[in-house]
Structure formats: structure tokens, C-alpha cells
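With compact mmCIF, C-alpha atoms and all ligand atoms inside, this is start-v7.txt:
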```txt
# COMPACT_ATOMS: atom_id res chain seq x y z
CA MET H 1 0.24 48.75 83.68
CA LYS H 2 -2.62 47.62 81.46
CA THR H 3 -2.96 49.60 78.25
CA TRP H 4 -5.64 50.29 75.66
CA ILE H 5 -3.26 52.31 73.46
CA PRO H 6 -3.07 50.61 70.04
CA ASP H 7 0.49 49.36 69.42
CA SER H 8 0.65 51.42 66.22
CA ARG H 9 0.01 54.62 68.27
CA ASN H 10 2.50 53.86 71.04
CA PHE H 11 5.48 56.21 70.61
CA ALA H 12 7.70 54.09 72.87
CA TYR H 13 7.27 51.07 70.59
CA LEU H 14 9.04 52.90 67.72
CA THR H 15 12.76 52.67 67.00
CA TRP H 16 14.73 55.88 66.78
CA LYS H 17 14.96 55.39 63.01
CA GLN H 18 11.18 55.24 62.82
CA VAL H 19 10.95 58.37 64.96
CA ASP H 20 13.50 60.05 62.71
CA ALA H 21 11.23 59.37 59.73
CA LEU H 22 8.15 61.04 61.30
CA PRO H 23 7.06 64.42 59.94
CA ARG H 24 8.46 66.50 62.82
CA ALA H 25 6.51 69.71 62.22
CA SER H 26 3.08 68.08 62.09
CA THR H 27 3.36 65.03 64.39
CA LEU H 28 1.23 65.44 67.52
CA LEU H 29 2.60 63.80 70.69
CA VAL H 30 0.21 63.21 73.60
CA LEU H 31 1.73 63.13 77.08
CA PRO H 32 -0.71 61.63 79.62
CA THR H 33 -0.48 62.90 83.20
CA ALA H 34 -2.29 61.08 85.99
CA ALA H 35 -1.69 59.75 89.52
CA ILE H 36 -0.97 56.76 91.74
CA GLU H 37 -3.00 57.52 94.83
CA GLN H 38 -5.58 56.10 97.18
CA HIS H 39 -9.06 55.70 95.69
CA GLY H 40 -11.05 54.55 98.69
CA HIS H 41 -11.61 50.97 99.80
CA HIS H 42 -12.96 49.87 96.43
CA LEU H 43 -10.71 51.17 93.60
CA PRO H 44 -7.01 50.65 92.84
CA LEU H 45 -4.26 53.24 93.28
CA ALA H 46 -3.84 53.44 89.49
CA THR H 47 -7.44 54.53 88.84
CA ASP H 48 -6.62 57.91 87.24
CA THR H 49 -3.82 56.38 85.16
CA LEU H 50 -6.05 53.53 83.94
CA ILE H 51 -8.88 55.94 83.02
CA ASN H 52 -6.47 58.17 81.12
CA ASN H 53 -5.15 55.19 79.20
CA LEU H 54 -8.63 53.81 78.50
CA LEU H 55 -10.04 57.07 77.11
CA LEU H 56 -6.90 57.96 75.14
CA GLY H 57 -6.55 54.41 73.80
CA LYS H 58 -10.14 54.30 72.60
CA ALA H 59 -9.72 57.76 71.03
CA LEU H 60 -6.49 56.88 69.21
CA ALA H 61 -8.09 53.70 67.84
CA GLN H 62 -10.63 55.87 65.99
CA LEU H 63 -8.18 58.18 64.24
CA PRO H 64 -7.51 57.94 60.50
CA ALA H 65 -4.40 55.76 60.11
CA GLU H 66 -2.50 58.41 58.16
CA LEU H 67 -2.51 61.03 60.95
CA PRO H 68 0.81 61.01 62.85
CA ILE H 69 -0.56 61.20 66.40
CA TYR H 70 1.19 59.17 69.13
CA ALA H 71 0.80 58.52 72.84
CA LEU H 72 3.93 58.95 74.95
CA PRO H 73 4.31 56.74 78.03
CA PRO H 74 2.33 58.40 80.83
CA VAL H 75 3.65 60.40 83.75
CA CYS H 76 1.84 58.07 86.17
CA TYR H 77 2.92 59.91 89.32
CA GLY H 78 1.26 63.25 89.97
CA LYS H 79 0.79 65.86 92.64
CA SER H 80 -1.33 63.87 95.08
CA ASN H 81 -0.51 65.44 98.43
CA GLU H 82 -4.23 65.97 99.09
CA HIS H 83 -4.28 62.17 99.69
CA ILE H 84 -1.22 61.98 101.94
CA GLY H 85 -1.88 59.85 105.02
CA PHE H 86 -3.44 57.01 103.02
CA PRO H 87 -1.03 54.10 102.45
CA GLY H 88 -0.06 53.66 98.81
CA THR H 89 -0.36 57.27 97.71
CA LEU H 90 2.82 58.13 95.80
CA SER H 91 3.05 61.87 95.22
CA LEU H 92 5.45 64.21 93.49
CA SER H 93 5.90 67.73 94.81
CA ALA H 94 4.68 70.53 92.54
CA GLN H 95 8.32 71.43 91.83
CA THR H 96 9.22 67.85 90.84
CA PHE H 97 6.14 67.43 88.63
CA LEU H 98 6.87 70.73 86.88
CA ALA H 99 10.51 69.71 86.43
CA VAL H 100 9.70 66.22 85.06
CA VAL H 101 7.22 67.47 82.46
CA ARG H 102 9.47 70.41 81.59
CA ASP H 103 12.39 67.99 80.98
CA LEU H 104 10.18 65.80 78.77
CA GLY H 105 9.18 68.94 76.86
CA ALA H 106 12.89 69.74 76.41
CA SER H 107 13.49 66.23 75.03
CA ILE H 108 10.49 66.46 72.70
CA ALA H 109 11.79 69.78 71.38
CA ALA H 110 15.35 68.40 71.09
CA SER H 111 13.99 65.56 68.92
CA GLY H 112 12.64 68.22 66.59
CA PHE H 113 8.93 67.88 67.36
CA LYS H 114 6.75 70.98 67.51
CA LYS H 115 3.39 69.89 68.90
CA VAL H 116 2.52 68.33 72.25
CA VAL H 117 -0.71 67.68 74.13
CA LEU H 118 -0.79 67.39 77.93
CA TYR H 119 -3.72 65.06 78.65
CA ASN H 120 -4.50 65.13 82.36
CA THR H 121 -6.96 62.99 84.33
CA HIS H 122 -6.00 63.89 87.91
CA GLY H 123 -7.49 67.02 89.47
CA GLY H 124 -4.42 67.68 91.65
CA ASN H 125 -2.30 68.19 88.51
CA THR H 126 -4.67 70.58 86.75
CA SER H 127 -3.23 73.92 87.84
CA LEU H 128 0.32 72.65 87.14
CA VAL H 129 -0.65 71.47 83.66
CA ASP H 130 -2.01 74.95 82.92
CA VAL H 131 1.32 76.46 83.98
CA LEU H 132 3.29 73.89 81.96
CA ALA H 133 1.28 74.37 78.78
CA ARG H 134 2.20 78.07 78.75
CA ASP H 135 5.81 77.50 79.85
CA LEU H 136 6.56 74.81 77.23
CA ARG H 137 5.23 77.23 74.61
CA VAL H 138 7.48 80.02 75.88
CA GLU H 139 10.65 78.06 76.67
CA PHE H 140 10.80 75.64 73.74
CA GLY H 141 8.45 77.20 71.19
CA LEU H 142 6.35 74.04 71.35
CA ARG H 143 2.78 74.37 70.15
CA THR H 144 1.31 73.06 73.40
CA PHE H 145 -2.26 72.00 74.11
CA SER H 146 -3.97 70.89 77.30
CA LEU H 147 -6.82 68.42 77.55
CA PHE H 148 -8.64 67.41 80.72
CA GLY H 149 -10.78 64.51 81.86
CA SER H 150 -13.81 63.28 79.93
CA PRO H 151 -14.95 65.90 77.42
CA GLY H 152 -18.12 64.83 75.62
CA ALA H 153 -19.40 62.38 78.22
CA ASP H 154 -22.92 63.41 79.30
CA PHE H 155 -22.99 61.36 82.55
CA GLU H 156 -26.71 60.90 82.07
CA GLY H 157 -28.48 59.92 85.29
CA VAL H 158 -25.72 61.21 87.60
CA SER H 159 -27.20 63.49 90.30
CA VAL H 160 -26.31 67.17 90.52
CA GLN H 161 -24.72 66.48 93.91
CA GLU H 162 -22.49 63.76 92.45
CA ARG H 163 -21.62 65.78 89.32
CA THR H 164 -20.59 68.73 91.50
CA TYR H 165 -18.90 67.01 94.44
CA GLY H 166 -18.20 63.48 93.23
CA PHE H 167 -14.52 64.42 93.12
CA HIS H 168 -12.81 61.17 93.73
CA ALA H 169 -13.62 57.44 93.52
CA GLY H 170 -17.29 58.27 93.04
CA GLU H 171 -19.85 57.10 90.49
CA VAL H 172 -18.04 58.04 87.28
CA GLU H 173 -14.59 56.70 88.14
CA THR H 174 -16.13 53.52 89.53
CA ALA H 175 -18.25 53.03 86.40
CA TYR H 176 -15.19 53.45 84.16
CA LEU H 177 -13.30 50.77 86.05
CA LEU H 178 -16.31 48.43 86.25
CA HIS H 179 -16.20 48.59 82.45
CA ALA H 180 -12.41 48.54 81.92
CA THR H 181 -10.97 46.49 84.79
CA PRO H 182 -13.88 44.88 86.70
CA GLU H 183 -11.41 42.56 88.42
CA LEU H 184 -9.87 45.58 90.18
CA VAL H 185 -13.15 46.92 91.63
CA HIS H 186 -14.44 45.81 95.05
CA PRO H 187 -18.20 46.57 95.02
CA ASN H 188 -18.77 45.25 98.54
CA GLU H 189 -16.38 47.92 99.86
CA TYR H 190 -18.23 51.03 98.63
CA THR H 191 -18.30 54.03 100.98
CA THR H 192 -19.83 57.51 100.54
CA ASN H 193 -18.53 60.92 101.65
CA TYR H 194 -19.19 64.39 100.34
CA ILE H 195 -16.90 67.35 100.85
CA ALA H 196 -19.82 69.79 100.40
CA ARG H 197 -23.53 69.78 99.45
CA VAL H 198 -24.97 71.64 96.52
CA ASP H 199 -27.93 72.77 98.65
CA ASP H 200 -25.66 74.39 101.28
CA GLN H 201 -25.32 78.14 100.84
CA GLU H 202 -21.76 78.27 102.22
CA LEU H 203 -19.67 81.20 100.98
CA LEU H 204 -16.51 79.08 100.90
CA LYS H 205 -16.38 76.13 98.49
CA PRO H 206 -13.80 73.35 98.13
CA GLU H 207 -13.08 74.20 94.46
CA GLY H 208 -14.17 76.12 91.43
CA SER H 209 -15.67 79.23 93.07
CA SER H 210 -14.33 82.72 93.79
CA ALA H 211 -13.56 81.76 97.39
CA ASN H 212 -12.20 78.28 98.08
CA PHE H 213 -10.75 76.46 101.08
CA ALA H 214 -7.75 74.13 100.63
CA TRP H 215 -8.80 70.59 101.51
CA LEU H 216 -7.11 67.34 102.46
CA THR H 217 -8.96 64.08 102.03
CA LYS H 218 -8.08 62.81 105.50
CA ASP H 219 -9.80 65.83 107.09
CA ILE H 220 -13.07 64.93 105.41
CA SER H 221 -13.26 61.30 104.42
CA PRO H 222 -12.03 58.38 106.56
CA SER H 223 -12.37 55.97 103.61
CA GLY H 224 -10.74 58.29 101.05
CA VAL H 225 -13.84 58.49 98.83
CA LEU H 226 -15.19 61.93 97.90
CA GLY H 227 -18.46 61.06 96.21
CA ASP H 228 -20.84 58.12 96.03
CA PRO H 229 -19.98 55.05 93.94
CA LEU H 230 -23.20 53.18 94.73
CA ALA H 231 -25.04 53.85 91.46
CA ALA H 232 -22.03 53.04 89.23
CA SER H 233 -22.64 50.52 86.47
CA MET H 234 -20.51 48.77 83.90
CA GLU H 235 -22.97 49.81 81.15
CA ASN H 236 -22.61 53.51 82.01
CA GLY H 237 -18.84 53.13 82.18
CA GLU H 238 -18.80 51.73 78.67
CA ARG H 239 -21.17 54.37 77.30
CA TRP H 240 -19.45 57.34 78.96
CA SER H 241 -15.98 56.15 77.98
CA ASN H 242 -17.12 55.75 74.37
CA GLU H 243 -18.66 59.25 74.39
CA ALA H 244 -15.51 60.74 75.91
CA ALA H 245 -13.22 58.86 73.52
CA ALA H 246 -15.18 60.09 70.49
CA ARG H 247 -14.80 63.68 71.69
CA VAL H 248 -11.12 63.22 72.57
CA ALA H 249 -10.53 61.87 69.04
CA GLU H 250 -12.30 64.91 67.58
CA ILE H 251 -10.25 67.27 69.79
CA LEU H 252 -6.95 65.57 68.85
CA VAL H 253 -7.73 66.06 65.16
CA ALA H 254 -8.54 69.74 65.86
CA MET H 255 -5.21 70.09 67.70
CA TYR H 256 -3.41 68.37 64.82
CA ASN H 257 -4.99 70.83 62.34
CA PHE H 258 -4.69 73.90 64.59
CA LYS H 259 -3.29 77.05 63.04
CA PRO H 260 -3.08 80.20 65.13
CA ARG H 261 -4.84 83.16 63.60
CA HIS H 262 -1.58 85.15 63.53
CA GLY H 263 2.08 84.22 63.77
CA ALA H 264 3.83 80.89 63.43
ZN ZN H 301 -9.35 59.50 90.50
```

Please express the file's structure as C-alpha cells.
Amino acid sequence: MKTWIPDSRNFAYLTWKQVDALPRASTLLVLPTAAIEQHGHHLPLATDTLINNLLLGKALAQLPAELPIYALPPVCYGKSNEHIGFPGTLSLSAQTFLAVVRDLGASIAASGFKKVVLYNTHGGNTSLVDVLARDLRVEFGLRTFSLFGSPGADFEGVSVQERTYGFHAGEVETAYLLHATPELVHPNEYTTNYIARVDDQELLKPEGSSANFAWLTKDISPSGVLGDPLAASMENGERWSNEAAARVAEILVAMYNFKPRHGA
């Protein structure tokens, strides 16, 4: 897998002696969680994993050298059963995903570290990451943080429809990859599908409202795209990824410095 993580921030490039010398109580370890799943006719299966790596890599490159903040190798496979039926989608069950991240949390705690960030860029993992952040705190006493997607990116020029229902392989993801891995994007294969319209007054929404319906991509989108990639540009991908990376860097420093108001 391509990586933008600076070598000096890559936890897996350390020896155990180097790990042993890290300040255990303050070191912040970032565990990326993403997916290997269909992304329409025009983007690769690894899209969410590549975007995670791009944004985190650019963020880590901006941090002051003296801060002990490291990226762990990503959990590339996620809970992607909404995309089952499309060849190439490789999904973990909720139970397996929870167990894998829980076991990594156990190992992190056993190595004596206290602080971990779950950085997730796949929507299907979001509710599990919320559960895990609390459970790692309870079970191992880890100071656990969760971080999602592209904080800080303004997505200027993206329509309200696309911002709301451009869930998957739409303008933003396509722009990121046009910037990061243009050789993996197939612009003559763009397709457009929306799961819902912002101007519809339906009581039931696909996500994010008080009353949602559970959706599967194959019920809605023959191509696998939920959104519209047509307006995506390399320039926007670069700008948005830089905006997001700057905010991610700021957030990681805040997590590194975090002290709860009460207690340990
Ligand atoms: Zn995606």
C-alpha cells in the first residue's frame, strides 16, 4: 500500500528497543481504521485506506519533531457489508472488527502505552469506533480518542446535495485521489447515483436523522457510487487534503496535551 506517513512517524519502522525508550505515558499512538471495498467503476478498492493515509501522513509531517506521536499500521479491512455483492469488497463482521481493534488495544496497553487515537475514514466503521473508544478506556484504562474523516476541510464549491448525500466515491473522495494517486482514478468511468435528495421531505432518511432506514448499496446504485464525482478536481483534492491535514495536526496536538478536568 502506498504511504504518505513520514518514516520517522511510522511506529512499525521502530525496533523494540526504540519502542522501549519512548515516553510511555505521553506517547500518542494513532490507529487508522478504513476499508477495502468497492468504490464504483472509477476508484480503487483501497480508496478509504489511501485517504486515511494521505491525510494522516500530511498531518504528521507538520508536527514538531519532539512530540512522540506515531502512526500504527492501519486496520485496512473494515465493516463493509453495505457493499456486499460487488466483487472485491472484503469485509469484516462487526464482531471481528471489534475483536481485532480490542486485541490491538490490549497489545498497546501491554506495551505500557496510555494514549491511543482511533482515526477512521470509513462510514461503516463509525458506530463501532465509538463503541471501541469507550471500551478501550474501560477495559485497559487507555486514554482513548476518536477522530473521523476530514475535519477542517471546507469543501468549497461542493453542492448541498453532494455534501449531504455524496456518501461514497463522490466528488470529495474522487478529488482526493485525483490529487494523491491520479493513476488509480478512471475519469471516463464516472457514474452518478443519490440515495436521497435534500429537497425531498421524506420522514425516513438513510443516515443521520431521528428515523433512518438501513441501506445496501446494491439496492440503490448499480455502479456502487453514492454521489456525483463529475465536478472533482485535482486542485480541490490538494486544497481540501491540506486543510484537513492542518486540522488533524492541530487535533493530534490537542489530544497529546489533553488532561481531563478531574481524575487521572
Ligand atoms: Zn470511501

Any chance you could tabulate, as JSON lines, the residues of chain H at most 7 Å from ligand ZN 301 (chain H) with each one's nearest atom pair and distance in Å to one decimal, using only C-alpha atoms and all ligand atoms, in chain and rising number order?
```
{"residue": "H:His39", "atom": "CA", "partner": "H:ZN301", "partner_atom": "ZN", "distance": 6.4}
{"residue": "H:Thr47", "atom": "CA", "partner": "H:ZN301", "partner_atom": "ZN", "distance": 5.6}
{"residue": "H:Asp48", "atom": "CA", "partner": "H:ZN301", "partner_atom": "ZN", "distance": 4.5}
{"residue": "H:His122", "atom": "CA", "partner": "H:ZN301", "partner_atom": "ZN", "distance": 6.1}
{"residue": "H:His168", "atom": "CA", "partner": "H:ZN301", "partner_atom": "ZN", "distance": 5.0}
{"residue": "H:Ala169", "atom": "CA", "partner": "H:ZN301", "partner_atom": "ZN", "distance": 5.6}
{"residue": "H:Glu173", "atom": "CA", "partner": "H:ZN301", "partner_atom": "ZN", "distance": 6.4}
```

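The interatomic distance for the pair CA of Asn193 (chain H) and CA of Leu178 (chain H) works out to 20.0 Å.
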
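Counting all atoms listed in the file and comparing H:Lys218, H:Lys17, H:Lys259, H:Arg247, the residue that lies closest to His83 (chain H) is H:Lys218.
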
Please measure the separation of CA of Lys79 (chain H) and CA of Glu183 (chain H), giving the value in Å to one decimal. 26.6 Å

Just how far from CA of Phe148 (chain H) is CA of Asp199 (chain H), in Å to one decimal? 26.9 Å

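Across H:Thr174, H:Ser80, H:Asn125, H:Asn242, the tightest approach to His41 (chain H) is made by H:Thr174 when counting all atoms listed in the file.
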